[in-house]
Amino acid sequence: MKYWNKTLRDMSEYIPGEQPENLNEFTKLNTNENPFPPPAPVLEAIAKQCNGNLRRYPGPSAMPVRKLFAEKNALAPENVFVANGSDEIFTLLFRGFIEPDGLAAFPYPSYSLYYTMAEANGISYETINLDESLDVNFDAFLEKKYDMIIIANPNNPTGRGVAIDKIQSFLSRYEGLLVVDEAYVDFYGETAIGLVKQYENLVITRSFSKSYSLAGLRVGLAIASKDIITGFLKLKDSYNVDRLAEAGAYAALLEEKGFRYNIEMLRHNKEYLEDALADAGFEIVPSKANFLFVKHPGVKSEEIYTKLKERNILVRYFNGPVQSEYIRITVGTMMEVKLLIKEIRDITGAE
Ligand code: PMP
């Protein structure tokens, strides 16, 4: 740490879900990836980029993706920013939008990368606990003057969704920058994109990592007023989205039918998993995402996590108040779901 600055020394570390090298030996239900591959045309579009042009830099702002997404959502390309995963957008927000002495706020529990990225950029923040039903306590976010608030809709790790009218009503009372992280919106959600034209203090983030099965490609989007998007473009790395990522994201946006089919299958698997876990005695937080936040009345979540891992099944367990009572299970293929249920019934002693 000799050459680290104080911020780096003091910041907490983001702990990603395990990504084992011997991936094929595991049933991996811990990082909310999509178990189905993207449709073939998406893979073909990526492969097609592996030619002599790779020696050339990509376009600086992935304009074809911006144009196509804008066209599909009745926006202008100037309302869309393409990022190296939606994670990049959070970094940029803390680096260049909130003042260094500003104050951010996030719900807890939520996606812990917000806390880490705020710290990495020297931004102070507060967390506001979810209420008893694990919903966002919007009134509490108005009790102080917060310069930036990020909420995930649906939230990770709980899977709970927020109704758009609640977001709108909050925006009518809030003057700072509200970021709505819609990484999981495609599974069941209602999007707040329609509010971008009305509220210039709203940023929506989207990810190609979940519904589009492209977590390995690293593409995300920010949708906001032209002024905010201009800020992102000024602040980003020179070529933040590579040629493969740009081609994959573009092709993915054209492949709606294939993705809708995958999402339908996942919804079916999720309902099956919900029923089976309820049958095994689990308490399940109603989820609008591709994962379930669950706890068992008799067996500690950490123990379930550890025992599943011993059987080569990875689910997510988080330390910390409230969340350590639960495990988060990503919905997988039907085979994965059935294997998980078999083992989890055995571990919890379900009849
Ligand atoms: N937002 C939330 C709420 C997430 O759970 C995740 C994935 N862990 C992300 C954003 C990250 O998305 P990306 O892969 O696009 O960086």
# chains A, B, ... in the order shown; residues from 1 in each chain; ligands from 1
>>> residues_near_ligand(ligand="ligand 1", cutoff="6 Å", atoms="only C-alpha atoms and all ligand atoms", output="compact mmCIF listing (two decimals) with N, CA, C and O atoms, in the first residue's frame")
# COMPACT_ATOMS: atom_id res chain seq x y z
N GLY A 85 -20.14 -1.56 -19.65
CA GLY A 85 -20.95 -2.11 -18.55
C GLY A 85 -21.62 -0.97 -17.83
O GLY A 85 -21.11 0.17 -17.84
N SER A 86 -22.77 -1.23 -17.21
CA SER A 86 -23.40 -0.10 -16.51
C SER A 86 -22.56 0.32 -15.31
O SER A 86 -22.65 1.45 -14.85
N ASP A 87 -21.69 -0.55 -14.83
CA ASP A 87 -20.79 -0.18 -13.73
C ASP A 87 -19.97 1.08 -14.06
O ASP A 87 -19.71 1.90 -13.19
N TYR A 111 -27.17 -2.61 -4.33
CA TYR A 111 -25.99 -3.04 -5.09
C TYR A 111 -24.77 -2.35 -4.49
O TYR A 111 -24.64 -1.12 -4.60
N ALA A 152 -31.92 1.03 -7.35
CA ALA A 152 -32.01 -0.01 -8.38
C ALA A 152 -33.46 -0.47 -8.46
O ALA A 152 -34.08 -0.77 -7.45
N ASN A 156 -31.34 -5.00 -6.25
CA ASN A 156 -30.48 -6.14 -5.97
C ASN A 156 -29.95 -5.93 -4.55
O ASN A 156 -29.47 -4.83 -4.27
N ASP A 181 -31.33 2.59 -11.58
CA ASP A 181 -30.55 1.50 -12.17
C ASP A 181 -31.52 0.40 -12.60
O ASP A 181 -32.06 -0.33 -11.77
N ALA A 183 -30.93 -2.37 -14.36
CA ALA A 183 -30.20 -3.54 -14.87
C ALA A 183 -31.12 -4.76 -15.06
O ALA A 183 -30.91 -5.57 -15.96
N SER A 207 -28.36 -2.44 -18.58
CA SER A 207 -27.24 -3.37 -18.71
C SER A 207 -27.54 -4.41 -19.79
O SER A 207 -28.69 -4.84 -19.91
N PHE A 208 -26.52 -4.80 -20.52
CA PHE A 208 -26.67 -5.92 -21.46
C PHE A 208 -26.26 -7.25 -20.79
O PHE A 208 -26.23 -8.28 -21.42
N SER A 209 -25.95 -7.18 -19.48
CA SER A 209 -25.40 -8.36 -18.80
C SER A 209 -26.46 -9.36 -18.35
O SER A 209 -26.12 -10.50 -18.06
N ALA A 215 -23.05 -10.64 -20.25
CA ALA A 215 -22.26 -10.12 -19.11
C ALA A 215 -20.77 -10.07 -19.45
O ALA A 215 -20.06 -9.17 -19.01
N ARG A 218 -19.50 -6.70 -21.53
CA ARG A 218 -19.42 -5.43 -20.80
C ARG A 218 -20.03 -4.27 -21.61
O ARG A 218 -19.32 -3.46 -22.20
N VAL A 219 -21.32 -4.21 -21.64
CA VAL A 219 -21.99 -3.05 -22.25
C VAL A 219 -23.15 -2.61 -21.36
O VAL A 219 -23.93 -3.44 -20.86
N GLY A 220 -23.25 -1.32 -21.17
CA GLY A 220 -24.38 -0.74 -20.45
C GLY A 220 -24.77 0.57 -21.11
O GLY A 220 -24.05 1.07 -21.98
>>> residues_around(residues="range 272-278 of chain A", least_positions_apart="6", cutoff="12 Å", atoms="only C-alpha atoms", output="PDB file with N, CA and C atoms, in the first residue's frame")
ATOM      1  N   MET A 265     -38.851 -18.105 -20.755  1.00  0.00           N
ATOM      2  CA  MET A 265     -38.403 -19.354 -20.135  1.00  0.00           C
ATOM      3  C   MET A 265     -37.936 -19.103 -18.708  1.00  0.00           C
ATOM      4  N   LEU A 266     -37.229 -17.993 -18.521  1.00  0.00           N
ATOM      5  CA  LEU A 266     -36.733 -17.681 -17.173  1.00  0.00           C
ATOM      6  C   LEU A 266     -37.869 -17.404 -16.198  1.00  0.00           C
ATOM      7  N   ILE A 284     -40.022 -16.275   0.873  1.00  0.00           N
ATOM      8  CA  ILE A 284     -39.513 -15.731  -0.392  1.00  0.00           C
ATOM      9  C   ILE A 284     -39.940 -14.272  -0.534  1.00  0.00           C
ATOM     10  N   VAL A 285     -38.989 -13.396  -0.776  1.00  0.00           N
ATOM     11  CA  VAL A 285     -39.323 -11.994  -1.027  1.00  0.00           C
ATOM     12  C   VAL A 285     -39.852 -11.896  -2.465  1.00  0.00           C
ATOM     13  N   PRO A 286     -41.070 -11.342  -2.656  1.00  0.00           N
ATOM     14  CA  PRO A 286     -41.592 -11.260  -4.028  1.00  0.00           C
ATOM     15  C   PRO A 286     -40.615 -10.499  -4.938  1.00  0.00           C
ATOM     16  N   SER A 287     -40.231 -11.118  -6.036  1.00  0.00           N
ATOM     17  CA  SER A 287     -39.146 -10.580  -6.860  1.00  0.00           C
ATOM     18  C   SER A 287     -39.611 -10.184  -8.257  1.00  0.00           C
ATOM     19  N   ASN A 290     -34.521 -11.651 -12.028  1.00  0.00           N
ATOM     20  CA  ASN A 290     -34.201 -13.040 -12.369  1.00  0.00           C
ATOM     21  C   ASN A 290     -33.489 -13.732 -11.205  1.00  0.00           C
ATOM     22  N   PHE A 291     -33.834 -13.325  -9.988  1.00  0.00           N
ATOM     23  CA  PHE A 291     -33.254 -13.970  -8.813  1.00  0.00           C
ATOM     24  C   PHE A 291     -34.250 -13.890  -7.667  1.00  0.00           C
ATOM     25  N   LEU A 292     -34.030 -14.741  -6.674  1.00  0.00           N
ATOM     26  CA  LEU A 292     -34.913 -14.764  -5.504  1.00  0.00           C
ATOM     27  C   LEU A 292     -34.086 -14.560  -4.238  1.00  0.00           C
ATOM     28  N   PHE A 293     -34.648 -13.783  -3.336  1.00  0.00           N
ATOM     29  CA  PHE A 293     -34.005 -13.496  -2.045  1.00  0.00           C
ATOM     30  C   PHE A 293     -34.819 -14.276  -1.023  1.00  0.00           C
ATOM     31  N   VAL A 294     -34.202 -15.282  -0.428  1.00  0.00           N
ATOM     32  CA  VAL A 294     -35.002 -16.228   0.364  1.00  0.00           C
ATOM     33  C   VAL A 294     -34.308 -16.571   1.686  1.00  0.00           C
ATOM     34  N   LYS A 295     -35.128 -16.985   2.652  1.00  0.00           N
ATOM     35  CA  LYS A 295     -34.529 -17.483   3.905  1.00  0.00           C
ATOM     36  C   LYS A 295     -35.359 -18.636   4.426  1.00  0.00           C
ATOM     37  N   HIS A 296     -34.698 -19.454   5.230  1.00  0.00           N
ATOM     38  CA  HIS A 296     -35.355 -20.636   5.785  1.00  0.00           C
ATOM     39  C   HIS A 296     -35.525 -20.417   7.290  1.00  0.00           C
ATOM     40  N   PRO A 297     -36.684 -20.780   7.845  1.00  0.00           N
ATOM     41  CA  PRO A 297     -36.898 -20.512   9.275  1.00  0.00           C
ATOM     42  C   PRO A 297     -36.011 -21.360  10.184  1.00  0.00           C
ATOM     43  N   ILE A 329     -30.620 -16.351  -4.895  1.00  0.00           N
ATOM     44  CA  ILE A 329     -30.467 -17.435  -5.868  1.00  0.00           C
ATOM     45  C   ILE A 329     -30.841 -16.929  -7.255  1.00  0.00           C
ATOM     46  N   THR A 330     -29.913 -17.017  -8.188  1.00  0.00           N
ATOM     47  CA  THR A 330     -30.217 -16.633  -9.571  1.00  0.00           C
ATOM     48  C   THR A 330     -31.027 -17.754 -10.228  1.00  0.00           C
ATOM     49  N   VAL A 331     -32.033 -17.365 -11.006  1.00  0.00           N
ATOM     50  CA  VAL A 331     -32.837 -18.378 -11.707  1.00  0.00           C
ATOM     51  C   VAL A 331     -32.009 -18.938 -12.871  1.00  0.00           C
ATOM     52  N   GLY A 332     -31.865 -20.250 -12.901  1.00  0.00           N
ATOM     53  CA  GLY A 332     -31.062 -20.881 -13.949  1.00  0.00           C
ATOM     54  C   GLY A 332     -31.924 -21.643 -14.939  1.00  0.00           C
ATOM     55  N   THR A 333     -31.308 -22.564 -15.634  1.00  0.00           N
ATOM     56  CA  THR A 333     -32.062 -23.457 -16.527  1.00  0.00           C
ATOM     57  C   THR A 333     -32.910 -24.384 -15.653  1.00  0.00           C
ATOM     58  N   MET A 334     -33.871 -25.085 -16.259  1.00  0.00           N
ATOM     59  CA  MET A 334     -34.714 -25.983 -15.469  1.00  0.00           C
ATOM     60  C   MET A 334     -33.871 -27.088 -14.819  1.00  0.00           C
ATOM     61  N   MET A 335     -32.838 -27.547 -15.527  1.00  0.00           N
ATOM     62  CA  MET A 335     -31.986 -28.591 -14.947  1.00  0.00           C
ATOM     63  C   MET A 335     -31.260 -28.073 -13.694  1.00  0.00           C
ATOM     64  N   GLU A 336     -30.759 -26.849 -13.814  1.00  0.00           N
ATOM     65  CA  GLU A 336     -30.050 -26.243 -12.669  1.00  0.00           C
ATOM     66  C   GLU A 336     -31.003 -26.027 -11.494  1.00  0.00           C
ATOM     67  N   VAL A 337     -32.193 -25.537 -11.829  1.00  0.00           N
ATOM     68  CA  VAL A 337     -33.185 -25.264 -10.789  1.00  0.00           C
ATOM     69  C   VAL A 337     -33.537 -26.563 -10.057  1.00  0.00           C
ATOM     70  N   LYS A 338     -33.739 -27.638 -10.826  1.00  0.00           N
ATOM     71  CA  LYS A 338     -34.139 -28.917 -10.202  1.00  0.00           C
ATOM     72  C   LYS A 338     -33.020 -29.481  -9.328  1.00  0.00           C
ATOM     73  N   LEU A 339     -31.786 -29.323  -9.796  1.00  0.00           N
ATOM     74  CA  LEU A 339     -30.649 -29.798  -9.008  1.00  0.00           C
ATOM     75  C   LEU A 339     -30.557 -29.016  -7.687  1.00  0.00           C
ATOM     76  N   LEU A 340     -30.711 -27.697  -7.806  1.00  0.00           N
ATOM     77  CA  LEU A 340     -30.668 -26.858  -6.603  1.00  0.00           C
ATOM     78  C   LEU A 340     -31.751 -27.286  -5.614  1.00  0.00           C
ATOM     79  N   ILE A 341     -32.958 -27.486  -6.113  1.00  0.00           N
ATOM     80  CA  ILE A 341     -34.070 -27.843  -5.223  1.00  0.00           C
ATOM     81  C   ILE A 341     -33.776 -29.167  -4.516  1.00  0.00           C
ATOM     82  N   LYS A 342     -33.262 -30.122  -5.249  1.00  0.00           N
ATOM     83  CA  LYS A 342     -32.952 -31.431  -4.656  1.00  0.00           C
ATOM     84  C   LYS A 342     -31.962 -31.261  -3.500  1.00  0.00           C
ATOM     85  N   GLU A 343     -30.906 -30.516  -3.754  1.00  0.00           N
ATOM     86  CA  GLU A 343     -29.859 -30.368  -2.725  1.00  0.00           C
ATOM     87  C   GLU A 343     -30.351 -29.523  -1.552  1.00  0.00           C
ATOM     88  N   ILE A 344     -31.109 -28.488  -1.863  1.00  0.00           N
ATOM     89  CA  ILE A 344     -31.552 -27.581  -0.800  1.00  0.00           C
ATOM     90  C   ILE A 344     -32.584 -28.276   0.100  1.00  0.00           C
ATOM     91  N   ARG A 345     -33.364 -29.148  -0.464  1.00  0.00           N
ATOM     92  CA  ARG A 345     -34.321 -29.931   0.345  1.00  0.00           C
ATOM     93  C   ARG A 345     -33.555 -30.852   1.287  1.00  0.00           C
ATOM     94  N   THR A 348     -31.917 -28.695   4.099  1.00  0.00           N
ATOM     95  CA  THR A 348     -32.847 -28.120   5.095  1.00  0.00           C
ATOM     96  C   THR A 348     -33.738 -29.195   5.704  1.00  0.00           C
ATOM     97  N   ALA A 350     -36.115 -30.992   4.303  1.00  0.00           N
ATOM     98  CA  ALA A 350     -37.536 -30.986   3.894  1.00  0.00           C
ATOM     99  C   ALA A 350     -37.971 -32.420   3.621  1.00  0.00           C
TER     100      ALA A 350
END
>>> closest_residue(among="A:Ile347, A:Ile304, A:Ala245, A:Ala192", to="Ile223 in chain A", atoms="only C-alpha atoms")
A:Ala192
>>> closest_residue(among="A:Asp131, A:Glu25, A:Asp279, A:Glu44", to="Gly349 in chain A", atoms="only C-alpha atoms")
A:Asp279
>>> closest_residue(among="A:Gln49, A:Ser133, A:Ser213, A:Asn201", to="Glu175 in chain A", atoms="only C-alpha atoms")
A:Asn201
>>> atom_distance(atom1="CA of Tyr199 in chain A", atom2="CA of Leu171 in chain A")
7.4 Å
>>> residues_around(residues="Thr306 in chain A", least_positions_apart="5", cutoff="10 Å", atoms="only C-alpha atoms", output="list of chain:residue names")
A:Ser301, A:Arg311, A:Asn312, A:Ile313, A:Leu314, A:Val315, A:Arg316, A:Tyr317
>>> write_last_selection(atoms="C-alpha atoms", output="mmCIF file, in the first residue's frame")
data_model
loop_
_atom_site.group_PDB
_atom_site.id
_atom_site.type_symbol
_atom_site.label_atom_id
_atom_site.label_comp_id
_atom_site.auth_asym_id
_atom_site.auth_seq_id
_atom_site.Cartn_x
_atom_site.Cartn_y
_atom_site.Cartn_z
ATOM 1 C CA SER A 301 -28.501 -18.834 5.316
ATOM 2 C CA ARG A 311 -21.951 -29.656 -3.490
ATOM 3 C CA ASN A 312 -20.644 -27.387 -6.264
ATOM 4 C CA ILE A 313 -23.697 -25.137 -6.356
ATOM 5 C CA LEU A 314 -22.951 -21.435 -6.005
ATOM 6 C CA VAL A 315 -25.577 -19.043 -4.657
ATOM 7 C CA ARG A 316 -24.891 -15.624 -3.141
ATOM 8 C CA TYR A 317 -24.573 -14.924 0.550
#
>>> residues_around(residues="range 68-74 of chain A", least_positions_apart="2", cutoff="12 Å", atoms="only C-alpha atoms", output="CSV table (one decimal) with N, CA and C atoms, in the first residue's frame")
chain,number,residue,atom,x,y,z
A,62,ALA,N,-19.8,4.8,-29.9
A,62,ALA,CA,-20.7,3.7,-30.3
A,62,ALA,C,-22.0,4.2,-30.9
A,63,MET,N,-21.9,5.2,-31.8
A,63,MET,CA,-23.0,5.9,-32.3
A,63,MET,C,-24.1,5.0,-32.9
A,64,PRO,N,-23.8,3.9,-33.6
A,64,PRO,CA,-24.9,3.0,-34.1
A,64,PRO,C,-25.8,2.5,-33.0
A,65,VAL,N,-25.2,2.1,-31.9
A,65,VAL,CA,-26.0,1.6,-30.7
A,65,VAL,C,-26.9,2.8,-30.2
A,66,ARG,N,-26.3,3.9,-30.1
A,66,ARG,CA,-27.0,5.1,-29.5
A,66,ARG,C,-28.3,5.4,-30.4
A,76,ALA,N,-33.7,10.7,-28.7
A,76,ALA,CA,-32.7,11.1,-29.6
A,76,ALA,C,-31.4,10.4,-29.2
A,77,PRO,N,-30.5,10.1,-30.2
A,77,PRO,CA,-29.2,9.5,-29.8
A,77,PRO,C,-28.5,10.4,-28.8
A,78,GLU,N,-28.7,11.7,-28.7
A,78,GLU,CA,-28.1,12.5,-27.8
A,78,GLU,C,-28.6,12.3,-26.3
A,79,ASN,N,-29.7,11.4,-26.2
A,79,ASN,CA,-30.1,11.1,-24.9
A,79,ASN,C,-29.5,9.7,-24.4
A,80,VAL,N,-28.6,9.2,-25.2
A,80,VAL,CA,-28.1,7.8,-24.9
A,80,VAL,C,-26.6,7.8,-24.9
A,81,PHE,N,-26.1,7.2,-23.8
A,81,PHE,CA,-24.6,7.0,-23.7
A,81,PHE,C,-24.3,5.5,-23.6
A,82,VAL,N,-23.3,5.0,-24.3
A,82,VAL,CA,-23.0,3.6,-24.2
A,82,VAL,C,-21.7,3.5,-23.4
A,191,THR,N,-40.4,0.5,-16.9
A,191,THR,CA,-39.3,1.4,-17.0
A,191,THR,C,-39.6,2.8,-16.7
A,192,ALA,N,-38.7,3.6,-16.2
A,192,ALA,CA,-38.9,5.0,-16.0
A,192,ALA,C,-38.3,5.8,-17.2
A,193,ILE,N,-38.0,5.2,-18.3
A,193,ILE,CA,-37.4,5.9,-19.4
A,193,ILE,C,-38.4,7.0,-19.9
A,194,GLY,N,-39.7,6.8,-19.8
A,194,GLY,CA,-40.6,7.8,-20.2
A,194,GLY,C,-40.5,9.1,-19.5
A,195,LEU,N,-39.9,9.1,-18.3
A,195,LEU,CA,-39.8,10.3,-17.5
A,195,LEU,C,-38.6,11.2,-17.9
A,196,VAL,N,-37.7,10.6,-18.7
A,196,VAL,CA,-36.4,11.3,-19.0
A,196,VAL,C,-36.7,12.7,-19.7
A,197,LYS,N,-37.7,12.7,-20.6
A,197,LYS,CA,-38.0,13.9,-21.3
A,197,LYS,C,-38.5,15.0,-20.4
A,206,ARG,N,-29.0,1.0,-17.9
A,206,ARG,CA,-29.4,-0.3,-18.4
A,206,ARG,C,-28.2,-1.1,-18.6
A,220,GLY,N,-23.3,-1.3,-21.2
A,220,GLY,CA,-24.4,-0.7,-20.5
A,220,GLY,C,-24.8,0.6,-21.1
A,221,LEU,N,-25.9,1.1,-20.7
A,221,LEU,CA,-26.4,2.4,-21.3
A,221,LEU,C,-26.8,3.3,-20.2
A,222,ALA,N,-26.6,4.6,-20.5
A,222,ALA,CA,-27.2,5.6,-19.6
A,222,ALA,C,-28.2,6.4,-20.5
A,223,ILE,N,-29.4,6.7,-20.0
A,223,ILE,CA,-30.4,7.4,-20.8
A,223,ILE,C,-30.7,8.6,-19.9
A,224,ALA,N,-30.6,9.8,-20.5
A,224,ALA,CA,-30.8,11.0,-19.7
A,224,ALA,C,-31.0,12.2,-20.6
A,246,GLU,N,-19.5,-3.2,-29.2
A,246,GLU,CA,-20.4,-2.3,-30.0
A,246,GLU,C,-21.3,-3.2,-30.9
A,247,ALA,N,-20.6,-4.1,-31.6
A,247,ALA,CA,-21.3,-5.0,-32.6
A,247,ALA,C,-22.3,-5.9,-31.9
A,249,ALA,N,-23.8,-5.4,-28.9
A,249,ALA,CA,-24.9,-4.7,-28.4
A,249,ALA,C,-25.9,-4.3,-29.5
A,250,TYR,N,-25.3,-3.9,-30.6
A,250,TYR,CA,-26.2,-3.5,-31.7
A,250,TYR,C,-27.0,-4.7,-32.2
A,251,ALA,N,-26.4,-5.8,-32.4
A,251,ALA,CA,-27.1,-7.0,-32.9
A,251,ALA,C,-28.2,-7.4,-31.8
A,252,ALA,N,-27.8,-7.3,-30.5
A,252,ALA,CA,-28.7,-7.7,-29.5
A,252,ALA,C,-30.0,-6.8,-29.5
A,253,LEU,N,-29.8,-5.5,-29.8
A,253,LEU,CA,-31.0,-4.7,-29.9
A,253,LEU,C,-31.9,-5.1,-31.0
A,254,LEU,N,-31.4,-5.7,-32.0
A,254,LEU,CA,-32.2,-6.1,-33.2
A,254,LEU,C,-32.9,-7.5,-33.0
A,256,GLU,N,-34.9,-8.8,-30.6
A,256,GLU,CA,-35.9,-8.8,-29.5
A,256,GLU,C,-36.6,-10.1,-29.3
>>> closest_residue(among="A:Ala83, A:Glu271, A:Ser324, A:Lys309", to="Pro20 in chain A", atoms="only C-alpha atoms")
A:Lys309
>>> select_by_dssp(residues="range 89-121 of chain A", states="strand (DSSP E or B)", output="PDB file with N, CA and C atoms, in the first residue's frame")
ATOM      1  N   LEU A 103     -23.022  15.145  -1.216  1.00  0.00           N
ATOM      2  CA  LEU A 103     -23.448  13.995  -0.413  1.00  0.00           C
ATOM      3  C   LEU A 103     -24.398  13.124  -1.232  1.00  0.00           C
ATOM      4  N   ALA A 104     -24.071  11.843  -1.324  1.00  0.00           N
ATOM      5  CA  ALA A 104     -24.926  10.901  -2.050  1.00  0.00           C
ATOM      6  C   ALA A 104     -25.695  10.039  -1.056  1.00  0.00           C
ATOM      7  N   ALA A 105     -26.735   9.384  -1.536  1.00  0.00           N
ATOM      8  CA  ALA A 105     -27.481   8.458  -0.662  1.00  0.00           C
ATOM      9  C   ALA A 105     -27.968   7.277  -1.484  1.00  0.00           C
ATOM     10  N   PHE A 106     -27.945   6.124  -0.858  1.00  0.00           N
ATOM     11  CA  PHE A 106     -28.405   4.886  -1.503  1.00  0.00           C
ATOM     12  C   PHE A 106     -29.215   4.081  -0.496  1.00  0.00           C
ATOM     13  N   PRO A 107     -30.149   3.282  -0.990  1.00  0.00           N
ATOM     14  CA  PRO A 107     -30.827   2.384  -0.054  1.00  0.00           C
ATOM     15  C   PRO A 107     -29.860   1.300   0.417  1.00  0.00           C
ATOM     16  N   TYR A 108     -30.199   0.696   1.550  1.00  0.00           N
ATOM     17  CA  TYR A 108     -29.461  -0.471   2.029  1.00  0.00           C
ATOM     18  C   TYR A 108     -30.468  -1.526   2.447  1.00  0.00           C
TER      19      TYR A 108
END
>>> select_by_dssp(residues="range 124-176 of chain A", states="alpha helix (DSSP H)", output="PyMOL selection string")
chain A and resi 164-171
>>> write_last_selection(atoms="C-alpha atoms", output="PDB file, in the first residue's frame")
ATOM      1  CA  ILE A 164     -43.085   4.260 -11.721  1.00  0.00           C
ATOM      2  CA  ASP A 165     -45.635   6.625 -10.204  1.00  0.00           C
ATOM      3  CA  LYS A 166     -43.627   6.495  -6.958  1.00  0.00           C
ATOM      4  CA  ILE A 167     -40.504   7.506  -8.880  1.00  0.00           C
ATOM      5  CA  GLN A 168     -42.393  10.299 -10.587  1.00  0.00           C
ATOM      6  CA  SER A 169     -43.827  11.574  -7.345  1.00  0.00           C
ATOM      7  CA  PHE A 170     -40.329  11.508  -5.818  1.00  0.00           C
ATOM      8  CA  LEU A 171     -38.919  13.438  -8.784  1.00  0.00           C
TER       9      LEU A 171
END
>>> closest_residue(among="A:Thr27, A:Asn155, A:Asn84, A:Ser61", to="Glu310 in chain A", atoms="only C-alpha atoms")
A:Thr27
>>> atom_distance(atom1="CA of Lys226 in chain A", atom2="CA of Phe259 in chain A")
28.9 Å
>>> closest_residue(among="A:Ser225, A:Thr158, A:Thr91, A:Asn262", to="Lys210 in chain A", atoms="only C-alpha atoms")
A:Asn262
